[in-house]
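Below is one structure, written out as structure tokens, with a few remarks after it.
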Amino acid sequence: MPRVIVGLSGGVDSAVAALLLKREGYDVTGVTLRTWLSDSGDEGRCCEIDDARRIAMKLDIPYYPLNCADSFKRYVIDYFVGSYLKGETPNPCIECNRYIKWDRMLYYSNILKCDYVATGHYASVIRLDNGRYTVKQALHAKKDQTYMLYKLTQEQLKKTLMPLGELTKERVRQIAENEGLPVANKPDSQELCFISDDDYAGYIEAHCPDSIPEEGNFVDDMGNILGRHKGIIHYTVGQRKGLGISAKNPLYVKYIDPVKNEIVLGEENEVFYDKVECLDTNFLSIERPPAGSEFECRVKVRYHHRPQEAKVRITDVNSAVISFYEPVKAPAPGQSAVFYDNDECVIGGGIIKRSDQS
Amino acid sequence: MIYADNAATTKMSKAAIDTMFRLVNDTWGNASSLYSVGQTSKEVLEQAREDIANLIGAEPKEIIFTSGGSEADNQAILSAAKIGASKGKKHIISSAFEHHAVLHTLERLKEDGFEITLLDVHEDGIIREDELEDAIREDTCLVTIMYANNEIGTVQPISRLGEICKKHNVLFHTDAVQAIGHIPVNVNDDNVDMLSASAHKFHGPKGVGFLYVKKGIRVTNLINGGAQEKGRRAGTENVPGIAAMAVALKEAVESLSENYENVSKKRDCLIEGLSKIEHSALNGDAKKRLPGNVNFCFEGIEGESLLLLLDDKGIMASSGSACTSGSLDPSHVLLAIGRVHDVAHGSLRLTINEETTDEDVEYIIKAVDEVVTYLRSFSPIWRDLVAGKKQFIL
């Protein structure tokens, strides 16, 4: 009987993933990766161990809560804070998947002598004819989570099972309810698991190793001062609300300059770009293409973005330039651009460095 | 299965279970009631108090029953703080590696304007007498030092520390939760004014403990209500639990010297066997420690992974205190004796007892050796250490 270690978050998705694998005959062990504790003793919303333990008891599988706080701080929190300080908009879930969830789960799967790791992500792991592994978008696109998974390595994907790729959320809840799982109607987790009240700026201030960037000027393209901003960590490229500037037409954050401590604002048409440069690329469905090569695909520049047609040109060993046929709105440095093929499989992706209008 | 986590809790002894079961039936009456079924309960309760007092050299009225060690620690410290504050003395001395029942109570007192001095526990986990004497000030109202540490098992020179406190007229409290029933404890010889104990650490039931308070010291109530425990701890008494505690303590004290000899020999075998694993180190002094306590750090591994694999081999152990396993930080005890963060994460606490056999000891040594070797085979930290990219510490 193949052995699989399932990451139980305490939510309904991972609970049903464990249940389905058990039904298929896998020898299932549940684990929860404990990533952080708040001052009041609350754990991350991604890892509610009391609910997870109850699920494991109900499913009658062994269960262990495991301490990953050190890695989480290093790969997720420090990265998250550092990214905002550089004027970027980080995507901590992508880093967490790569360096915490999969890295640590595979480590524990070694210890517990398991053959696979499994999660409750809405996506499917596919082995292609070329021998490579990739993730395919969930059948029901509303819940698709492949955007968050493009950074996984081939070694990681090879040992991964995702049983929910072809199910709807409603169906998953129904399965949980039929089985009498106590979390069948638990609401979905929202936002980032380690920030309790959506107060990003407060969190960054509390975890910043140095001093917090001070107030500065809003400026236009020409450098004319339009007003004062509260500090760059409070803003994201594409943001319109909360700028506190009155203008004839609504203004958007166009660019954050951490060196000058300035935020450049522009009207809506100024935050559309057709050239997006990205770094730290990773490839799933294909081997890393040589520099200079090009391919057509569809690209998402944020989690809730409908993929748009584009041409990707590999510029260097780690970088690529995406040329969109229709300009995309507000691709934010620090977010990821993820490339999809016509079969809705992830080709690869990278982290957005800068954008241009040609 | 080998149970090697007796510092977390012990299995109840047969005599304690029998007593408890019998008394759940026989002493169902309220010990404060006038009629005979109530008076029976009261009699059993007071007999237990007398037995416990005799076993530690105290008088019965100096024993207050509590819900366990944590409550006793809280009550002792808050009582001494109140006495101190009434005289304008708001300085308390403790140590860096106390149980959180002590440390967190002290933290709270800090908010009320108390000044806290935490003594260094040094690499061997032993407090120095001269450092205590140097720390005592005019306004010191309490010294609270644990008898034996719950993680590394080091035993403090309590009698000498108590003598120093006596000389300077400062109240002395000791958290003896890990010590009592395992090493000789006598409140007179040990010069203590207050002492905390918990039944489940010496084969008694959970949820029961006591606080010894020398007569003449005014005790502050934590639980307000009825006049039980002479008005010092309200709430209808848990008579079966308290009586079972007395029985368990009597057994433990009666077989103490025999157990001490037998268990400490096995402890020394364990220490000798585990010391052979390369890049490992015993935490705390090798001899001045509880008879059943072994605590090691192994470089390049995580204690938690070690426990998972030992569990798989039928060995129940821990990486440190069960009371702090909810925390994600490394042990404050290991940091206090100077272990660095990474090394402190690779800890293993084995706490054996009189039921542990020589075969168990051999099996544990073999299992730990295998598991450490296996974990190091795919540990990135170990790889860096072997490649010389990082310096070995142990």
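Letters A, B, ... mark the chains of the structure tokens in the order given; residue numbers begin at 1 per chain; ligand numbers begin at 1, in order shown.
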For this session: Name the residues in contact with region 74-77 of chain B at a cut-off of 9 Å, using only C-alpha atoms, excluding same-chain residues fewer than 2 positions from it; report them as a PyMOL selection string.
Result: chain B and resi 69-72+79-82+101-102+105-106+142+144+173+194-196+211-213+219-222
**OP:** Check the DSSP output for the backbone and give back, as a PyMOL selection string, the residues of region 64-155 of chain B in strand (DSSP E).
**Re:** chain B and resi 64-66+91-95+115-119+140-144
Could the residues in this selection be saved with C-alpha atoms as an mmCIF file, in the first residue's frame?
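Saved file selection_30.cif follows:
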```cif
data_model
loop_
_atom_site.group_PDB
_atom_site.id
_atom_site.type_symbol
_atom_site.label_atom_id
_atom_site.label_comp_id
_atom_site.auth_asym_id
_atom_site.auth_seq_id
_atom_site.Cartn_x
_atom_site.Cartn_y
_atom_site.Cartn_z
ATOM 1 C CA ILE B 64 -2.564 23.757 51.206
ATOM 2 C CA PHE B 65 -4.060 21.503 48.555
ATOM 3 C CA THR B 66 -4.135 22.971 45.051
ATOM 4 C CA HIS B 91 12.480 42.949 44.179
ATOM 5 C CA ILE B 92 12.367 39.228 43.413
ATOM 6 C CA ILE B 93 15.235 36.884 42.545
ATOM 7 C CA SER B 94 14.738 33.790 40.414
ATOM 8 C CA SER B 95 16.615 31.903 37.716
ATOM 9 C CA GLU B 115 11.927 44.298 39.644
ATOM 10 C CA ILE B 116 13.046 40.790 38.739
ATOM 11 C CA THR B 117 16.625 39.482 38.782
ATOM 12 C CA LEU B 118 17.162 36.176 36.993
ATOM 13 C CA LEU B 119 20.307 34.377 38.131
ATOM 14 C CA THR B 140 14.307 41.788 47.994
ATOM 15 C CA CYS B 141 11.098 40.122 49.145
ATOM 16 C CA LEU B 142 11.415 36.667 47.567
ATOM 17 C CA VAL B 143 13.884 34.207 46.135
ATOM 18 C CA THR B 144 12.260 31.461 44.050
#
```
Exercise. Name the closest residue to Met148 (chain A) among the candidates A:Ser336, A:Thr281, A:Ser319, A:Asn224; distances are taken between atoms, counting only C-alpha atoms.
Key: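 Closest to Met148 (chain A) of all the choices is A:Ser336.
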Backbone-only DSSP, helix (DSSP H, G or I) members of region 30-183 of chain B, as number ranges by chain:
B: 36-56, 60-62, 69-86, 100-111, 129-135, 158-167
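What chain A places within 9 Å of chain B, counting only C-alpha atoms, is Arg34, Thr35, Trp36, Leu37, Gly41, Tyr64, Leu66, Asn67, Cys68, Ala69, Asp70, Tyr107, Tyr108, Asn110, Ile111 and Leu112 of chain A.
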If you count only C-alpha atoms, the residue of A:Ile347, A:Val338, A:Leu33, A:Leu59 closest to Arg288 (chain A) turns out to be A:Ile347
>> Neighbouring residues of Asp369 (chain B) were defined as those with any atom within 8 Å, considering only C-alpha atoms; residues of the same chain fewer than 3 positions away were excluded. Please report them as a list in words.
In response: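 After dropping sequence-adjacent residues, the list is Leu274, Ile277, Ile365, Lys366, Val372 and Thr373 of chain B.
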Spatial neighbours of Ser71 (chain A), max dist 9 Å, only C-alpha atoms, sep filter under 2 positions, as a count of residues only: 10
### Message
I'd like to know which of A:Arg3, A:Lys300, A:Lys151, A:Lys22 is closest to Cys96 (chain A), using only C-alpha atoms.
### Response
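Selected residue with least distance to Cys96 (chain A): A:Lys151.
With distances restricted to only C-alpha atoms, B:Ile271 is the closest residue to Asp285 (chain B) from B:Ile271, B:Leu249, B:Ile242, B:Val343.
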Can you list, as a PyMOL selection string, every protein, DNA or RNA residue that comes within 10 Å of Tyr303 (chain A) when you count only C-alpha atoms, leaving out same-chain residues fewer than 4 positions away? chain A and resi 91+144-148+307+335-338
Go ahead and save the residues from that selection, with N, CA, C and O atoms, as a compact mmCIF listing (two decimals), in the first residue's frame.
```txt
# COMPACT_ATOMS: atom_id res chain seq x y z
N ASN A 91 4.38 37.85 -3.06
CA ASN A 91 3.39 36.80 -3.10
C ASN A 91 3.86 35.66 -2.20
O ASN A 91 4.39 34.66 -2.66
N ASP A 144 -9.24 27.69 -9.18
CA ASP A 144 -7.92 27.26 -9.65
C ASP A 144 -6.78 27.85 -8.80
O ASP A 144 -6.76 29.04 -8.52
N GLN A 145 -5.85 27.00 -8.40
CA GLN A 145 -4.73 27.47 -7.57
C GLN A 145 -3.37 27.24 -8.22
O GLN A 145 -2.33 27.32 -7.55
N THR A 146 -3.34 26.96 -9.52
CA THR A 146 -2.06 26.66 -10.16
C THR A 146 -1.10 27.85 -10.12
O THR A 146 0.11 27.65 -10.10
N TYR A 147 -1.67 29.06 -10.10
CA TYR A 147 -0.81 30.26 -10.06
C TYR A 147 0.18 30.18 -8.92
O TYR A 147 1.33 30.59 -9.03
N MET A 148 -0.27 29.64 -7.78
CA MET A 148 0.55 29.58 -6.58
C MET A 148 1.57 28.43 -6.61
O MET A 148 2.33 28.25 -5.68
N PRO A 307 -6.07 34.91 -17.78
CA PRO A 307 -4.85 34.84 -18.60
C PRO A 307 -5.02 35.58 -19.92
O PRO A 307 -6.09 35.53 -20.53
N GLN A 335 5.02 40.55 -7.82
CA GLN A 335 4.03 39.53 -8.13
C GLN A 335 4.61 38.60 -9.18
O GLN A 335 5.62 38.92 -9.81
N SER A 336 3.96 37.48 -9.39
CA SER A 336 4.48 36.54 -10.37
C SER A 336 3.69 36.60 -11.67
O SER A 336 2.49 36.87 -11.65
N ALA A 337 4.40 36.36 -12.78
CA ALA A 337 3.75 36.16 -14.07
C ALA A 337 3.84 34.67 -14.35
O ALA A 337 4.93 34.10 -14.32
N VAL A 338 2.68 34.04 -14.58
CA VAL A 338 2.67 32.60 -14.80
C VAL A 338 2.17 32.30 -16.21
O VAL A 338 1.17 32.85 -16.67
```
**Asked** Counting only C-alpha atoms, what is within 12 Å of Glu170 (chain A), bar same-chain residues fewer than 5 positions away, as a list of chain:residue names?
**Response** A:Val12, A:Asp13, A:Val16, A:His140, A:Lys142, A:Lys143, A:Leu164, A:Ile175, A:Ala176, A:Glu177, A:Ala184, A:Asn185, A:Asp188
request  = Quick one: pull the distance between CA of Lys260 (chain A) and CA of Phe80 (chain A), Å, one decimal.
outcome  =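 Value for the CA of Lys260 (chain A)-CA of Phe80 (chain A) distance: 21.1 Å.
Considering the residues A:Ala15, A:Ile77, A:Leu279, A:Val271 and counting only C-alpha atoms, Val328 (chain A) has its shortest atom-to-atom contact with A:Val271.
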Hey, what's within 10 Å of Glu326 (chain A) if we count only C-alpha atoms and toss same-chain stuff fewer than 2 positions away? As a VMD selection string, please?
-> chain A and resid 272 to 274 308 to 310 323 to 324 328 to 329
Query raised in the report: What is the CA of Cys208 (chain A) to CA of Val81 (chain A) distance in Å?
Result: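 It comes out at 6.5 Å.
If you measure from each of A:Val4, A:Ala320, A:Cys297, A:Ala330 to Glu268 (chain A) using only C-alpha atoms, the closest one turns out to be A:Ala330.
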